[in-house]
file run00.cif (mmCIF, C-alpha atoms and all ligand atoms)
data_structure
loop_
_atom_site.group_PDB
_atom_site.id
_atom_site.type_symbol
_atom_site.label_atom_id
_atom_site.label_comp_id
_atom_site.auth_asym_id
_atom_site.auth_seq_id
_atom_site.Cartn_x
_atom_site.Cartn_y
_atom_site.Cartn_z
ATOM 1 C CA MET A 12 72.466 54.446 77.360
ATOM 2 C CA THR A 13 75.058 57.025 78.187
ATOM 3 C CA THR A 14 76.367 57.599 81.657
ATOM 4 C CA THR A 15 78.020 60.731 82.947
ATOM 5 C CA ASP A 16 81.259 60.133 84.783
ATOM 6 C CA MET A 17 81.772 63.134 87.107
ATOM 7 C CA SER A 18 85.541 62.670 87.024
ATOM 8 C CA GLU A 19 85.493 63.378 83.267
ATOM 9 C CA THR A 20 83.374 66.511 83.391
ATOM 10 C CA LYS A 21 85.186 69.845 83.454
ATOM 11 C CA PRO A 22 84.773 71.877 86.636
ATOM 12 C CA PRO A 23 82.414 74.841 86.163
ATOM 13 C CA PRO A 24 84.271 78.051 85.226
ATOM 14 C CA ALA A 25 85.262 80.012 88.320
ATOM 15 C CA LYS A 26 83.003 83.025 88.881
ATOM 16 C CA PHE A 27 84.403 86.520 88.602
ATOM 17 C CA LYS A 28 84.197 88.407 91.835
ATOM 18 C CA PRO A 29 84.504 92.150 92.488
ATOM 19 C CA VAL A 30 87.945 93.312 93.673
ATOM 20 C CA HIS A 31 88.377 97.069 93.189
ATOM 21 C CA PRO A 32 85.321 99.380 93.360
ATOM 22 C CA ARG A 33 84.631 101.378 90.194
ATOM 23 C CA LEU A 34 85.327 104.724 91.869
ATOM 24 C CA VAL A 35 88.735 103.538 93.119
ATOM 25 C CA ARG A 36 89.656 102.363 89.619
ATOM 26 C CA TYR A 37 88.574 105.618 87.983
ATOM 27 C CA TRP A 38 90.467 107.618 90.613
ATOM 28 C CA HIS A 39 93.558 105.451 90.175
ATOM 29 C CA TRP A 40 93.931 105.824 86.415
ATOM 30 C CA ILE A 41 92.913 109.498 86.271
ATOM 31 C CA ASN A 42 95.386 110.125 89.114
ATOM 32 C CA ALA A 43 98.195 108.285 87.286
ATOM 33 C CA PHE A 44 97.563 110.450 84.183
ATOM 34 C CA ALA A 45 97.352 113.691 86.204
ATOM 35 C CA ILE A 46 100.551 112.844 88.117
ATOM 36 C CA LEU A 47 102.419 112.163 84.878
ATOM 37 C CA LEU A 48 101.428 115.626 83.612
ATOM 38 C CA MET A 49 102.108 117.366 86.937
ATOM 39 C CA VAL A 50 105.528 115.790 87.501
ATOM 40 C CA GLY A 51 106.652 116.213 83.882
ATOM 41 C CA SER A 52 105.603 119.873 83.744
ATOM 42 C CA GLY A 53 106.798 120.482 87.330
ATOM 43 C CA TRP A 54 110.317 119.375 86.411
ATOM 44 C CA ARG A 55 110.323 121.914 83.551
ATOM 45 C CA ILE A 56 109.164 124.670 85.932
ATOM 46 C CA TYR A 57 111.848 123.628 88.444
ATOM 47 C CA ASN A 58 114.554 123.835 85.732
ATOM 48 C CA ALA A 59 113.731 127.528 85.193
ATOM 49 C CA SER A 60 114.782 128.258 88.783
ATOM 50 C CA PRO A 61 116.495 125.261 90.438
ATOM 51 C CA ILE A 62 116.326 124.977 94.237
ATOM 52 C CA PHE A 63 119.493 122.885 94.313
ATOM 53 C CA LYS A 64 122.079 124.797 92.311
ATOM 54 C CA GLY A 65 123.608 122.604 89.655
ATOM 55 C CA PHE A 66 120.747 120.069 89.692
ATOM 56 C CA ARG A 67 118.329 120.125 86.758
ATOM 57 C CA PHE A 68 116.088 117.490 85.212
ATOM 58 C CA PRO A 69 116.991 116.491 81.640
ATOM 59 C CA ASN A 70 114.712 118.555 79.380
ATOM 60 C CA ASP A 71 113.809 115.392 77.433
ATOM 61 C CA TRP A 72 112.153 114.049 80.602
ATOM 62 C CA THR A 73 109.953 117.114 81.001
ATOM 63 C CA ILE A 74 106.572 118.123 79.548
ATOM 64 C CA GLY A 75 105.647 121.586 78.252
ATOM 65 C CA ALA A 76 108.527 122.495 75.918
ATOM 66 C CA TRP A 77 109.097 125.864 77.637
ATOM 67 C CA LEU A 78 108.354 127.522 80.983
ATOM 68 C CA GLY A 79 105.037 129.116 79.921
ATOM 69 C CA GLY A 80 103.790 125.871 78.380
ATOM 70 C CA ALA A 81 104.796 123.857 81.448
ATOM 71 C CA LEU A 82 103.011 126.297 83.774
ATOM 72 C CA GLN A 83 99.810 126.014 81.741
ATOM 73 C CA ILE A 84 99.931 122.206 81.794
ATOM 74 C CA HIS A 85 100.759 122.184 85.530
ATOM 75 C CA PHE A 86 97.794 124.419 86.416
ATOM 76 C CA ALA A 87 95.372 122.594 84.097
ATOM 77 C CA ALA A 88 96.366 119.126 85.409
ATOM 78 C CA MET A 89 96.210 120.518 88.964
ATOM 79 C CA TRP A 90 92.402 120.749 88.795
ATOM 80 C CA LEU A 91 92.102 117.172 87.548
ATOM 81 C CA PHE A 92 94.513 115.962 90.250
ATOM 82 C CA VAL A 93 92.833 117.875 93.102
ATOM 83 C CA ILE A 94 89.162 117.260 92.236
ATOM 84 C CA ASN A 95 89.842 113.583 91.504
ATOM 85 C CA GLY A 96 91.848 113.272 94.735
ATOM 86 C CA LEU A 97 89.143 114.941 96.837
ATOM 87 C CA VAL A 98 86.475 112.573 95.466
ATOM 88 C CA TYR A 99 88.708 109.569 96.337
ATOM 89 C CA LEU A 100 89.485 110.903 99.837
ATOM 90 C CA ILE A 101 85.831 111.555 100.654
ATOM 91 C CA TYR A 102 84.761 108.187 99.226
ATOM 92 C CA GLY A 103 87.607 106.389 101.026
ATOM 93 C CA VAL A 104 86.616 107.796 104.425
ATOM 94 C CA VAL A 105 82.812 107.784 104.070
ATOM 95 C CA SER A 106 82.451 104.327 102.482
ATOM 96 C CA GLY A 107 84.979 102.725 104.849
ATOM 97 C CA HIS A 108 87.202 101.726 101.878
ATOM 98 C CA PHE A 109 90.359 103.117 103.538
ATOM 99 C CA ARG A 110 89.617 101.279 106.784
ATOM 100 C CA ARG A 111 88.897 97.968 105.062
ATOM 101 C CA ALA A 112 91.716 98.137 102.494
ATOM 102 C CA PHE A 113 94.565 99.810 104.448
ATOM 103 C CA LEU A 114 94.003 98.914 108.117
ATOM 104 C CA PRO A 115 95.220 97.584 110.475
ATOM 105 C CA LEU A 116 98.780 98.882 110.376
ATOM 106 C CA ASP A 117 100.866 96.582 112.515
ATOM 107 C CA PRO A 118 104.644 97.289 112.616
ATOM 108 C CA ARG A 119 105.450 93.610 113.321
ATOM 109 C CA GLU A 120 103.317 92.500 110.391
ATOM 110 C CA PHE A 121 105.018 95.129 108.214
ATOM 111 C CA LEU A 122 108.514 93.919 109.194
ATOM 112 C CA ARG A 123 107.521 90.292 108.563
ATOM 113 C CA ASP A 124 106.020 91.062 105.135
ATOM 114 C CA PHE A 125 108.923 93.366 104.234
ATOM 115 C CA ALA A 126 111.468 90.623 105.030
ATOM 116 C CA LEU A 127 109.428 88.135 102.973
ATOM 117 C CA ALA A 128 109.222 90.638 100.079
ATOM 118 C CA LEU A 129 113.020 91.131 100.088
ATOM 119 C CA ARG A 130 113.428 87.365 99.742
ATOM 120 C CA GLY A 131 110.794 87.271 96.973
ATOM 121 C CA LYS A 132 108.562 85.062 99.134
ATOM 122 C CA LEU A 133 105.673 87.367 99.935
ATOM 123 C CA PRO A 134 102.447 85.726 98.684
ATOM 124 C CA HIS A 135 99.978 88.050 96.984
ATOM 125 C CA HIS A 136 96.242 87.455 97.252
ATOM 126 C CA ILE A 137 94.135 89.424 94.798
ATOM 127 C CA GLY A 138 91.611 91.484 96.726
ATOM 128 C CA SER A 139 93.633 92.110 99.889
ATOM 129 C CA TYR A 140 96.772 94.145 100.410
ATOM 130 C CA ASN A 141 99.762 92.908 102.417
ATOM 131 C CA ALA A 142 101.208 95.055 105.220
ATOM 132 C CA VAL A 143 103.924 96.535 102.954
ATOM 133 C CA GLN A 144 101.326 97.652 100.398
ATOM 134 C CA ARG A 145 99.056 99.058 103.115
ATOM 135 C CA LEU A 146 101.836 101.232 104.545
ATOM 136 C CA PHE A 147 103.040 102.350 101.106
ATOM 137 C CA TYR A 148 99.518 103.262 99.968
ATOM 138 C CA ILE A 149 98.838 105.278 103.126
ATOM 139 C CA GLY A 150 102.264 106.903 102.678
ATOM 140 C CA VAL A 151 101.624 107.943 99.087
ATOM 141 C CA ILE A 152 98.155 109.283 99.952
ATOM 142 C CA LEU A 153 99.788 111.442 102.664
ATOM 143 C CA ALA A 154 102.453 112.574 100.139
ATOM 144 C CA ILE A 155 99.656 113.484 97.702
ATOM 145 C CA VAL A 156 98.002 115.595 100.428
ATOM 146 C CA GLY A 157 101.437 117.124 101.221
ATOM 147 C CA VAL A 158 102.201 117.984 97.599
ATOM 148 C CA PHE A 159 98.780 119.652 97.342
ATOM 149 C CA VAL A 160 99.140 121.715 100.550
ATOM 150 C CA SER A 161 102.698 122.837 99.745
ATOM 151 C CA GLY A 162 101.611 123.512 96.143
ATOM 152 C CA LEU A 163 98.913 125.884 97.407
ATOM 153 C CA ALA A 164 101.552 127.823 99.362
ATOM 154 C CA VAL A 165 103.863 128.029 96.325
ATOM 155 C CA TRP A 166 101.028 128.966 93.968
ATOM 156 C CA LYS A 167 99.468 131.717 96.149
ATOM 157 C CA PRO A 168 102.074 132.624 98.809
ATOM 158 C CA VAL A 169 100.263 135.888 99.677
ATOM 159 C CA GLN A 170 96.746 134.459 100.014
ATOM 160 C CA PHE A 171 98.070 131.367 101.850
ATOM 161 C CA GLN A 172 100.810 133.141 103.788
ATOM 162 C CA THR A 173 100.031 131.363 107.085
ATOM 163 C CA LEU A 174 100.372 128.035 105.313
ATOM 164 C CA ALA A 175 103.633 129.177 103.686
ATOM 165 C CA ALA A 176 104.912 130.446 107.055
ATOM 166 C CA LEU A 177 104.321 126.995 108.571
ATOM 167 C CA MET A 178 106.783 125.631 106.001
ATOM 168 C CA GLY A 179 109.349 128.384 106.575
ATOM 169 C CA GLY A 180 108.043 130.785 103.922
ATOM 170 C CA TYR A 181 107.887 130.579 100.127
ATOM 171 C CA GLU A 182 111.335 128.953 99.720
ATOM 172 C CA GLY A 183 110.543 126.432 102.468
ATOM 173 C CA ALA A 184 107.242 125.556 100.771
ATOM 174 C CA ARG A 185 109.134 124.977 97.499
ATOM 175 C CA ILE A 186 111.443 122.514 99.265
ATOM 176 C CA VAL A 187 108.489 120.700 100.883
ATOM 177 C CA HIS A 188 106.778 120.561 97.454
ATOM 178 C CA PHE A 189 109.953 119.101 95.922
ATOM 179 C CA LEU A 190 110.331 116.496 98.697
ATOM 180 C CA MET A 191 106.676 115.404 98.385
ATOM 181 C CA MET A 192 107.089 115.093 94.609
ATOM 182 C CA SER A 193 110.234 112.987 95.195
ATOM 183 C CA ALA A 194 108.341 110.698 97.598
ATOM 184 C CA ILE A 195 105.560 110.217 95.013
ATOM 185 C CA VAL A 196 108.063 109.463 92.229
ATOM 186 C CA ALA A 197 109.936 106.996 94.488
ATOM 187 C CA PHE A 198 106.607 105.312 95.333
ATOM 188 C CA VAL A 199 105.681 105.048 91.630
ATOM 189 C CA LEU A 200 109.033 103.417 90.791
ATOM 190 C CA VAL A 201 108.592 100.783 93.530
ATOM 191 C CA HIS A 202 104.870 100.401 92.696
ATOM 192 C CA LEU A 203 105.548 99.750 89.001
ATOM 193 C CA THR A 204 108.318 97.266 89.849
ATOM 194 C CA LEU A 205 105.930 95.346 92.119
ATOM 195 C CA VAL A 206 103.177 95.356 89.477
ATOM 196 C CA ALA A 207 105.712 94.014 86.941
ATOM 197 C CA LEU A 208 106.693 91.265 89.421
ATOM 198 C CA VAL A 209 103.036 90.369 90.155
ATOM 199 C CA PRO A 210 101.271 91.213 86.862
ATOM 200 C CA LYS A 211 98.080 89.366 87.830
ATOM 201 C CA THR A 212 97.189 92.425 89.961
ATOM 202 C CA LEU A 213 96.899 94.656 86.879
ATOM 203 C CA TRP A 214 93.754 93.256 85.264
ATOM 204 C CA PRO A 215 91.529 93.632 88.367
ATOM 205 C CA MET A 216 92.672 97.270 88.697
ATOM 206 C CA LEU A 217 91.569 97.826 85.089
ATOM 207 C CA TRP A 218 88.435 95.712 85.003
ATOM 208 C CA GLY A 219 87.481 95.555 88.674
ATOM 209 C CA ARG A 220 87.048 91.786 88.925
ATOM 210 C CA ALA A 221 89.095 88.614 89.262
ATOM 211 C CA ARG A 222 88.371 84.925 89.026
ATOM 212 C CA GLY A 223 87.043 83.401 92.217
ATOM 213 C CA GLU A 224 90.073 81.234 92.904
ATOM 214 C CA ASP A 225 92.423 84.256 92.704
ATOM 215 C CA GLU A 226 90.287 86.351 94.929
ATOM 216 C CA GLU A 227 90.418 86.651 98.687
ATOM 217 C CA GLY A 228 87.866 89.074 100.077
ATOM 218 C CA GLY A 229 87.009 91.914 97.694
ATOM 219 C CA GLN A 230 87.522 95.508 98.730
ATOM 220 C CA SER A 231 84.632 97.868 98.730
HETATM 221 C C1 LIG A 301 100.822 103.188 85.018
HETATM 222 C C2 LIG A 301 101.047 103.344 86.317
HETATM 223 C C3 LIG A 301 100.404 102.483 87.373
HETATM 224 C C4 LIG A 301 100.091 101.146 87.365
HETATM 225 C C5 LIG A 301 100.314 100.142 86.244
HETATM 226 C C6 LIG A 301 99.496 100.836 88.651
HETATM 227 C C7 LIG A 301 98.987 99.611 89.044
HETATM 228 C C8 LIG A 301 98.299 99.346 90.219
HETATM 229 C C9 LIG A 301 97.705 98.081 90.557
HETATM 230 C C10 LIG A 301 97.761 96.828 89.684
HETATM 231 C C11 LIG A 301 97.122 98.204 91.783
HETATM 232 C C12 LIG A 301 96.408 97.091 92.575
HETATM 233 C C13 LIG A 301 97.445 96.353 93.391
HETATM 234 C C14 LIG A 301 96.880 95.087 94.015
HETATM 235 O O1 LIG A 301 95.714 94.740 93.810
HETATM 236 O O2 LIG A 301 97.648 94.443 94.739
HETATM 237 C C15 LIG A 301 97.309 99.564 92.222
HETATM 238 C C16 LIG A 301 96.825 100.111 93.399
HETATM 239 C C17 LIG A 301 97.118 101.389 93.833
HETATM 240 N N1 LIG A 301 97.914 102.304 93.190
HETATM 241 FE FE1 LIG A 301 98.697 102.137 91.319
HETATM 242 N N2 LIG A 301 99.484 101.973 89.420
HETATM 243 C C18 LIG A 301 100.028 102.998 88.686
HETATM 244 C C19 LIG A 301 100.209 104.316 89.085
HETATM 245 C C20 LIG A 301 99.927 104.781 90.353
HETATM 246 C C21 LIG A 301 100.209 106.128 90.808
HETATM 247 C C22 LIG A 301 100.861 107.237 89.967
HETATM 248 C C23 LIG A 301 99.781 106.186 92.110
HETATM 249 C C24 LIG A 301 99.860 107.356 93.080
HETATM 250 C C25 LIG A 301 100.842 108.200 93.098
HETATM 251 C C26 LIG A 301 99.220 104.897 92.454
HETATM 252 C C27 LIG A 301 98.682 104.581 93.694
HETATM 253 C C28 LIG A 301 97.989 103.421 93.986
HETATM 254 C C29 LIG A 301 97.216 103.241 95.191
HETATM 255 C C30 LIG A 301 97.058 104.245 96.346
HETATM 256 C C31 LIG A 301 96.634 101.973 95.091
HETATM 257 C C32 LIG A 301 95.640 101.369 96.087
HETATM 258 C C33 LIG A 301 94.244 101.924 95.685
HETATM 259 C C34 LIG A 301 93.109 101.530 96.615
HETATM 260 O O3 LIG A 301 92.854 100.338 96.812
HETATM 261 O O4 LIG A 301 92.432 102.451 97.131
HETATM 262 N N3 LIG A 301 99.334 104.071 91.370
HETATM 263 N N4 LIG A 301 98.050 100.227 91.251
#

call {"tool": "encode", "arguments": {"input": "run00.cif", "output": "structure tokens"}}
result
Amino acid sequence: MTTTDMSETKPPPAKFKPVHPRLVRYWHWINAFAILLMVGSGWRIYNASPIFKGFRFPNDWTIGAWLGGALQIHFAAMWLFVINGLVYLIYGVVSGHFRRAFLPLDPREFLRDFALALRGKLPHHIGSYNAVQRLFYIGVILAIVGVFVSGLAVWKPVQFQTLAALMGGYEGARIVHFLMMSAIVAFVLVHLTLVALVPKTLWPMLWGRARGEDEEGGQS
């Protein structure tokens, strides 16, 4: 007769649980691709008429090979960036995803988590964002809206002259567009560093799920 000793049996494999909704994942990766094209081609366009005299981006870092090519890529990627972004914004508000994933925003919690992050002691639970992430994600979404609005004013300064006037005219809108782009690039540099430091966050953003023991409250 055989007996089954429970202490010798393997625990059942942890179940995979949903972390990132499909629409958020599609938005995220399409957005990353569109931003790469927009920033790379935008730097080439900037180089043709620099706002800050003496400052140009190295041509090797740009996309489009020449001004005309860069403009075509910028305007083509613009539609991908804007339509994809609008779908994410509407979904985020209507489904409650933004509220669940990014709120509340508590300055004390942010300072506590920021101090922990600087000391490399901020724990990361798959499926919920810490206060530093929440603020950074809201910040980059606002910068994305800002780069779009200022881009409209630079693209069609006559049709959107009121918008351009709010930013101090065409030249002012160019500066706002540049600053918003800089904020997005700064975010991406920090974002990629954090993903490299906590690589277990990458798979759920690709696949949508994580093992039960890693997961703490999925986002929807
Ligand atoms: C190849 C480049 C990128 C990688 C590898 C990457 C990776 C990730 C990962 C792993 C997460 C989930 C973090 C977690 O669960 O704690 C995430 C979330 C996020 N990322 Fe990225 N990311 C990239 C590019 C970008 C870009 C270009 C932006 C915007 C400018 C961006 C904005 C966001 C936002 C807003 C979220 C939160 C999404 C939500 O829950 O609604 N990412 N990213």

call {"tool": "closest_residue", "arguments": {"input": "run00.cif", "among": "A:Gly65, A:Gly150, A:Pro210, A:Pro215", "to": "A:Met191", "atoms": "all atoms listed in the file"}}
result
A:Gly150

call {"tool": "residues_near_ligand", "arguments": {"input": "run00.cif", "ligand": "ligand LIG 301 (chain A)", "cutoff": "8 Å", "atoms": "all atoms listed in the file", "output": "number ranges by chain"}}
result
A: 30-31, 35-36, 39-40, 42-44, 46-47, 103, 108-109, 112-113, 135-140, 144, 147-149, 151-152, 155, 195-196, 198-199, 202-203, 206, 210-217, 230

call {"tool": "resolve_selection", "arguments": {"input": "run00.cif", "expression": "the PyMOL selection byres (((chain A and resi 162) around 10) and not hetatm)", "output": "list of chain:residue names"}}
result
A:Met89, A:Val156, A:Gly157, A:Val158, A:Phe159, A:Val160, A:Ser161, A:Leu163, A:Ala164, A:Val165, A:Trp166, A:Lys167, A:Pro168, A:Ala175, A:Ala184, A:Arg185, A:Val187, A:His188, A:Phe189, A:Met191

call {"tool": "resolve_selection", "arguments": {"input": "run00.cif", "expression": "the PyMOL selection byres (((chain A and resi 72-82) around 6) and not hetatm)", "output": "PyMOL selection string"}}
result
chain A and resi 51-52+54-56+69-71+83-85

call {"tool": "write_last_selection", "arguments": {"input": "run00.cif", "atoms": "C-alpha atoms", "output": "PDB file, in the coordinates of the input"}}
result
ATOM      1  CA  GLY A  51     106.652 116.213  83.882  1.00  0.00           C
ATOM      2  CA  SER A  52     105.603 119.873  83.744  1.00  0.00           C
ATOM      3  CA  TRP A  54     110.317 119.375  86.411  1.00  0.00           C
ATOM      4  CA  ARG A  55     110.323 121.914  83.551  1.00  0.00           C
ATOM      5  CA  ILE A  56     109.164 124.670  85.932  1.00  0.00           C
ATOM      6  CA  PRO A  69     116.991 116.491  81.640  1.00  0.00           C
ATOM      7  CA  ASN A  70     114.712 118.555  79.380  1.00  0.00           C
ATOM      8  CA  ASP A  71     113.809 115.392  77.433  1.00  0.00           C
ATOM      9  CA  GLN A  83      99.810 126.014  81.741  1.00  0.00           C
ATOM     10  CA  ILE A  84      99.931 122.206  81.794  1.00  0.00           C
ATOM     11  CA  HIS A  85     100.759 122.184  85.530  1.00  0.00           C
TER      12      HIS A  85
END

call {"tool": "atom_distance", "arguments": {"input": "run00.cif", "atom1": "atom CA of A:Leu48", "atom2": "atom CA of A:Ala194"}}
result
16.4 Å

call {"tool": "atom_distance", "arguments": {"input": "run00.cif", "atom1": "atom CA of A:Phe27", "atom2": "atom CA of A:Arg220"}}
result
5.9 Å

call {"tool": "closest_residue", "arguments": {"input": "run00.cif", "among": "A:Arg67, A:Tyr99, A:Asn58, A:Val169", "to": "A:Arg33", "atoms": "all atoms listed in the file"}}
result
A:Tyr99

call {"tool": "atom_distance", "arguments": {"input": "run00.cif", "atom1": "atom CA of A:Leu91", "atom2": "atom CA of A:Ala221"}}
result
28.8 Å

call {"tool": "resolve_selection", "arguments": {"input": "run00.cif", "expression": "the PyMOL selection byres (((chain A and resi 115) around 12) and not hetatm)", "output": "PyMOL selection string"}}
result
chain A and resi 109-114+116-121+140-146+149

call {"tool": "axis_aligned_box", "arguments": {"input": "run00.cif", "around": "stretch 168-185 of chain A", "padding_each_side": "8 Å", "output": "JSON"}}
result
{"center_x": 104.0, "center_y": 130.4, "center_z": 103.0, "size_x": 30.6, "size_y": 26.9, "size_z": 27.1}

call {"tool": "closest_residue", "arguments": {"input": "run00.cif", "among": "A:Ile41, A:Leu122, A:Leu133, A:Met49", "to": "A:Ala87", "atoms": "only C-alpha atoms"}}
result
A:Met49

call {"tool": "closest_residue", "arguments": {"input": "run00.cif", "among": "A:Met192, A:Trp38, A:Gly179, A:Ala59", "to": "A:Ile101", "atoms": "all atoms listed in the file"}}
result
A:Trp38
